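Colleague: Provided herewith: input_20.cif, mmCIF, C-alpha atoms.
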data_input
loop_
_atom_site.label_atom_id
_atom_site.label_comp_id
_atom_site.auth_asym_id
_atom_site.auth_seq_id
_atom_site.Cartn_x
_atom_site.Cartn_y
_atom_site.Cartn_z
CA MET V 1399 55.71 -38.32 38.80
CA PHE V 1400 55.06 -38.02 42.52
CA PHE V 1401 53.89 -34.79 44.06
CA SER V 1402 55.36 -34.74 47.56
CA SER V 1403 53.54 -31.48 48.28
CA LEU V 1404 50.29 -33.45 48.39
CA ALA V 1405 51.58 -35.92 50.94
CA ALA V 1406 52.75 -33.12 53.26
CA ASP V 1407 49.48 -31.19 53.17
CA ALA V 1408 47.12 -32.28 55.95
CA GLN V 1409 44.13 -30.68 54.22
CA ASN V 1410 44.61 -32.99 51.24
CA MET V 1411 44.78 -35.99 53.51
CA GLU V 1412 41.39 -35.08 55.01
CA SER V 1413 39.58 -36.55 52.01
CA MET V 1414 41.48 -39.82 52.54
CA MET V 1415 40.26 -40.23 56.13
CA VAL V 1416 37.60 -42.81 56.94
CA GLN V 1417 34.41 -40.86 57.43
CA ILE V 1418 31.36 -41.86 59.42
CA ALA V 1419 28.23 -42.09 57.30
CA PRO V 1420 25.32 -39.96 58.50
CA PRO V 1421 22.59 -41.98 60.25
CA ASN V 1422 20.14 -41.45 57.37
CA ALA V 1423 22.62 -42.56 54.68
CA VAL V 1424 21.74 -45.38 52.35
CA ILE V 1425 24.51 -47.57 51.01
CA GLY V 1426 23.94 -49.73 47.99
CA THR V 1427 25.65 -51.56 45.20
CA VAL V 1428 24.63 -50.93 41.62
CA MET V 1429 25.44 -53.52 39.00
CA LEU V 1430 25.19 -52.68 35.33
CA THR V 1431 24.66 -55.76 33.19
CA VAL V 1432 25.87 -56.03 29.62
CA ASP V 1433 22.29 -55.33 28.52
CA ASP V 1434 22.04 -52.29 30.84
CA LEU V 1435 25.24 -50.88 29.34
CA ARG V 1436 24.07 -51.53 25.79
CA LYS V 1437 20.79 -49.68 26.44
CA LEU V 1438 22.57 -46.83 28.18
CA LYS V 1439 25.04 -46.44 25.31
CA GLU V 1440 22.25 -46.56 22.72
CA MET V 1441 20.26 -43.92 24.60
CA VAL V 1442 23.27 -41.60 24.89
CA SER V 1443 24.33 -42.12 21.26
CA SER V 1444 20.80 -41.45 19.99
CA LYS V 1445 20.73 -38.07 21.75
CA VAL V 1446 24.24 -36.90 20.84
CA ASN V 1447 24.18 -35.59 17.30
CA ASP V 1448 27.88 -35.97 16.63
CA SER V 1449 29.18 -38.81 14.47
CA ALA V 1450 32.65 -38.46 16.04
CA PHE V 1451 31.31 -39.10 19.55
CA ARG V 1452 31.88 -42.63 20.81
CA CYS V 1453 29.99 -43.73 23.89
CA SER V 1454 32.22 -46.51 25.19
CA ASN V 1455 31.44 -48.74 28.16
CA ILE V 1456 33.65 -46.61 30.39
CA VAL V 1457 32.04 -43.34 29.24
CA ALA V 1458 28.55 -44.73 29.87
CA THR V 1459 29.50 -46.18 33.26
CA TYR V 1460 31.25 -43.02 34.47
CA ALA V 1461 28.36 -40.84 33.28
CA TYR V 1462 25.77 -43.02 35.02
CA ALA V 1463 27.78 -43.08 38.26
CA TRP V 1464 28.42 -39.32 38.23
CA VAL V 1465 24.77 -38.45 37.61
CA SER V 1466 23.61 -40.95 40.25
CA LEU V 1467 25.95 -39.41 42.82
CA VAL V 1468 24.82 -35.86 42.00
CA LYS V 1469 21.17 -36.87 42.34
CA ALA V 1470 21.81 -38.72 45.60
CA ARG V 1471 23.60 -35.76 47.16
CA GLY V 1472 21.06 -33.19 46.09
CA HIS V 1473 22.07 -29.83 44.69
CA ASN V 1474 21.18 -26.20 44.31
CA GLU V 1475 21.31 -23.85 41.33
CA ASP V 1476 24.88 -22.73 42.08
CA THR V 1477 26.47 -26.12 42.70
CA THR V 1478 29.15 -27.31 40.31
CA ALA V 1479 29.73 -31.06 40.21
CA HIS V 1480 33.26 -32.29 39.61
CA MET V 1481 34.70 -35.59 38.48
CA ALA V 1482 38.28 -36.79 38.26
CA PHE V 1483 39.29 -40.01 36.56
CA PRO V 1484 42.50 -41.66 35.36
CA GLY V 1485 43.56 -42.01 31.78
CA ASN V 1486 46.09 -44.40 30.28
CA CYS V 1487 48.97 -42.36 28.85
CA ARG V 1488 50.85 -45.41 27.60
CA GLU V 1489 49.55 -45.45 24.02
CA TRP V 1490 49.20 -41.66 23.61
CA ILE V 1491 52.42 -40.27 25.08
CA GLN V 1492 55.03 -38.83 22.72
CA PRO V 1493 57.69 -39.97 22.33
CA PRO V 1494 56.27 -43.46 22.85
CA LEU V 1495 57.32 -45.53 25.82
CA PRO V 1496 59.50 -48.53 25.04
CA ALA V 1497 57.68 -51.86 24.85
CA GLU V 1498 59.75 -53.06 27.82
CA TYR V 1499 58.39 -50.32 30.12
CA PHE V 1500 57.03 -52.19 33.14
CA SER V 1501 54.77 -49.90 35.10
CA ASN V 1502 51.72 -47.72 34.94
CA CYS V 1503 51.57 -44.54 32.98
CA ILE V 1504 48.45 -42.81 34.22
CA GLY V 1505 47.32 -39.23 33.84
CA GLY V 1506 44.44 -37.21 35.18
CA ASN V 1507 41.18 -36.10 33.59
CA PHE V 1508 38.89 -33.51 35.12
CA VAL V 1509 35.32 -32.66 34.15
CA HIS V 1510 32.93 -30.14 35.65
CA ALA V 1511 29.24 -29.38 35.13
CA LYS V 1512 26.39 -27.59 36.81
CA ALA V 1513 24.74 -30.11 39.11
CA VAL V 1514 21.27 -29.07 37.90
CA ASP V 1515 22.27 -30.02 34.35
CA LEU V 1516 23.44 -33.45 35.46
CA ALA V 1517 20.33 -34.02 37.57
CA GLY V 1518 18.06 -33.08 34.67
CA GLU V 1519 16.28 -35.39 32.25
CA ASP V 1520 19.29 -35.72 29.94
CA GLY V 1521 21.90 -35.64 32.69
CA VAL V 1522 23.55 -38.90 31.66
CA VAL V 1523 23.82 -37.61 28.09
CA ALA V 1524 25.41 -34.34 29.28
CA ALA V 1525 27.82 -36.22 31.54
CA ALA V 1526 28.77 -38.71 28.81
CA ARG V 1527 29.44 -35.89 26.38
CA LEU V 1528 31.75 -34.10 28.85
CA ILE V 1529 33.58 -37.29 29.77
CA GLY V 1530 33.97 -38.30 26.12
CA GLU V 1531 35.34 -34.87 25.21
CA ALA V 1532 37.80 -35.01 28.11
CA ILE V 1533 39.05 -38.41 26.93
CA GLU V 1534 39.53 -37.17 23.36
CA GLN V 1535 41.46 -34.11 24.58
CA PHE V 1536 43.55 -36.34 26.83
CA LYS V 1537 44.49 -38.55 23.88
CA GLU V 1538 45.82 -35.52 21.99
CA ASP V 1539 48.28 -34.61 24.77
CA PRO V 1540 48.01 -36.78 27.89
CA LEU V 1541 50.63 -34.86 29.86
CA LYS V 1542 49.31 -31.40 29.05
CA ASP V 1543 49.31 -29.36 32.26
CA ALA V 1544 50.53 -32.38 34.28
CA ALA V 1545 52.33 -30.06 36.68
CA LYS V 1546 48.95 -28.47 37.47
CA TRP V 1547 47.11 -31.72 38.26
CA PRO V 1548 47.73 -31.48 42.02
CA GLU V 1549 46.43 -27.92 42.25
CA ARG V 1550 43.47 -28.77 40.03
CA TYR V 1551 42.52 -31.63 42.31
CA GLN V 1552 43.17 -29.54 45.42
CA ALA V 1553 40.78 -26.91 44.09
CA ILE V 1554 37.91 -29.41 43.93
CA ALA V 1555 38.81 -31.89 46.71
CA LEU V 1556 36.71 -30.27 49.42
CA GLN V 1557 33.74 -30.03 47.04
CA ARG V 1558 33.43 -33.82 47.12
CA PRO V 1559 34.12 -34.75 43.51
CA LEU V 1560 33.46 -38.18 42.11
CA SER V 1561 37.00 -39.49 41.95
CA VAL V 1562 37.66 -42.71 40.09
CA ALA V 1563 40.77 -44.65 41.03
CA GLY V 1564 42.33 -47.64 39.43
CA SER V 1565 44.94 -48.92 37.10
CA THR V 1566 44.22 -48.51 33.43
CA GLY V 1567 45.99 -51.00 31.26
CA PHE V 1568 48.44 -52.46 33.76
CA LYS V 1569 46.91 -55.86 34.31
CA VAL V 1570 48.40 -56.54 37.71
CA TYR V 1571 46.37 -59.71 38.17
CA ASP V 1572 47.63 -61.12 34.86
CA VAL V 1573 51.29 -60.87 35.87
CA ASP V 1574 52.98 -64.25 36.20
CA PHE V 1575 56.10 -63.92 38.31
CA GLY V 1576 57.08 -67.50 37.61
#
With the file now loaded, output its structure as structure tokens.
Modeller:
Amino acid sequence: MFFSSLAADAQNMESMMVQIAPPNAVIGTVMLTVDDLRKLKEMVSSKVNDSAFRCSNIVATYAYAWVSLVKARGHNEDTTAHMAFPGNCREWIQPPLPAEYFSNCIGGNFVHAKAVDLAGEDGVVAAARLIGEAIEQFKEDPLKDAAKWPERYQAIALQRPLSVAGSTGFKVYDVDFG
């Protein structure tokens, strides 16, 4: 589904513009090793007292990135931090897509938290919990409120959410066109 209203709205396009980094900005690359992820997942799982909660690699990575961004930006008591990330609808959509379907089938997930909670001692745990819950809800009905995704993103776009982009499950680099 394509939302042409987003393409026509200049305010939405503002977040897509190349922006100049402030002179005091620090740019870095963070690499999580397999061991880093294992430790992060173990730490989160040990602090979440819910046997149904699964701290996957993606949950741990998203939580770590979200908390790191919140801490780097700073915050005040009233700030709400937002995150938007894609979810693969392909295996959860009803009725199921035919096996021959050749394209992506991606939906949107949105999570929100008080920035002070994410910047706190157990911020990664809080973030992982919210992200994990959003994924579980998404799996129940991936297209729930799909018509509202554009307005939900518009509502948070100017608040600088962490927005994850990518293709989930469509292995474009594995395609052999002959």
Colleague: Hey, what's within 9 Å of V:Ala1463 if we count all atoms listed in the file and toss same-chain stuff fewer than 4 positions away? As a PDB file with C-alpha atoms, in the frame of the given file, please?
Modeller:
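Once written, around-v7.pdb looks like this:
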ATOM      1  CA  ALA V1458      28.550 -44.730  29.870  1.00  0.00           C
ATOM      2  CA  THR V1459      29.500 -46.180  33.260  1.00  0.00           C
ATOM      3  CA  LEU V1467      25.950 -39.410  42.820  1.00  0.00           C
ATOM      4  CA  VAL V1468      24.820 -35.860  42.000  1.00  0.00           C
ATOM      5  CA  VAL V1522      23.550 -38.900  31.660  1.00  0.00           C
ATOM      6  CA  LEU V1560      33.460 -38.180  42.110  1.00  0.00           C
TER       7      LEU V1560
END
Colleague: If you apply the PyMOL selection byres ((chain V and resi 1537) around 12) to this file, what residues do you get, as a PyMOL selection string?
Modeller: chain V and resi 1485-1492+1504-1507+1530-1536+1538-1542
Colleague: Between atom CA of V:Ala1423 and atom CA of V:Tyr1462, what is the distance in Å, rounded to a tenth?
Modeller: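 Separating atom CA of V:Ala1423 from atom CA of V:Tyr1462 is a distance of 19.9 Å.
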Colleague: For the atom pair atom CA of V:Ala1461 and atom CA of V:Ser1501, what is the interatomic distance in Å to one decimal place?
Modeller: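 Atom CA of V:Ala1461 sits 28.0 Å away from atom CA of V:Ser1501.
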Colleague: Under the PyMOL selection byres ((chain V and resi 1550) around 12), which residues of this model are included? Write them out as a list in words.
Modeller: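 On the file shown, the PyMOL selection byres ((chain V and resi 1550) around 12) covers Leu1404, His1480, Met1481, Ala1482, Gly1506, Asn1507, Phe1508, Val1509, His1510, Asp1543, Ala1544, Ala1545, Lys1546, Trp1547, Pro1548, Glu1549, Tyr1551, Gln1552, Ala1553, Ile1554, Ala1555, Leu1556 and Pro1559 of chain V.
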Colleague: Since I can't run it myself right now, could you work out what the PyMOL selection byres ((chain V and resi 1450) around 12) selects here and report it as a PyMOL selection string?
Modeller: chain V and resi 1443+1446-1449+1451-1453+1527+1530-1531+1534
Colleague: Keeping only C-alpha atoms, write the selected residues as a PDB file, keeping the file's coordinate frame.
Modeller:
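So result19.pdb came out as:
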ATOM      1  CA  SER V1443      24.330 -42.120  21.260  1.00  0.00           C
ATOM      2  CA  VAL V1446      24.240 -36.900  20.840  1.00  0.00           C
ATOM      3  CA  ASN V1447      24.180 -35.590  17.300  1.00  0.00           C
ATOM      4  CA  ASP V1448      27.880 -35.970  16.630  1.00  0.00           C
ATOM      5  CA  SER V1449      29.180 -38.810  14.470  1.00  0.00           C
ATOM      6  CA  PHE V1451      31.310 -39.100  19.550  1.00  0.00           C
ATOM      7  CA  ARG V1452      31.880 -42.630  20.810  1.00  0.00           C
ATOM      8  CA  CYS V1453      29.990 -43.730  23.890  1.00  0.00           C
ATOM      9  CA  ARG V1527      29.440 -35.890  26.380  1.00  0.00           C
ATOM     10  CA  GLY V1530      33.970 -38.300  26.120  1.00  0.00           C
ATOM     11  CA  GLU V1531      35.340 -34.870  25.210  1.00  0.00           C
ATOM     12  CA  GLU V1534      39.530 -37.170  23.360  1.00  0.00           C
TER      13      GLU V1534
END
Colleague: Could you tell me how far atom CA of V:Asn1474 lies from atom CA of V:Ala1517, in Å and to one decimal?
Modeller: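 That distance, rounded to one decimal, is 10.4 Å.
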Colleague: Let me make sure I understand: among V:Leu1435, V:Pro1420, V:Ala1497, V:Gly1472, which one has the smallest atom-to-atom distance to V:Ser1454 if we use all atoms listed in the file?
Modeller: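 Checking each candidate against V:Ser1454, we get V:Leu1435 as the closest.
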Colleague: Could you check which of V:Leu1438, V:Cys1503, V:Leu1430, V:Ala1479 is closest to V:Leu1516, using all atoms listed in the file?
Modeller: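 Looking at the shortest contact to V:Leu1516, the residue is V:Ala1479.
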Colleague: Which is closest to V:Tyr1460 among V:Pro1484, V:Pro1496, V:Thr1427, V:Ile1418, if we use all atoms listed in the file?
Modeller: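 The answer is V:Pro1484, which sits nearest to V:Tyr1460.
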Colleague: Pick the closest to V:Lys1469 from V:Val1442, V:Ala1524, V:Ala1563, V:Ala1513: which is it, counting only C-alpha atoms?
Modeller: V:Ala1513
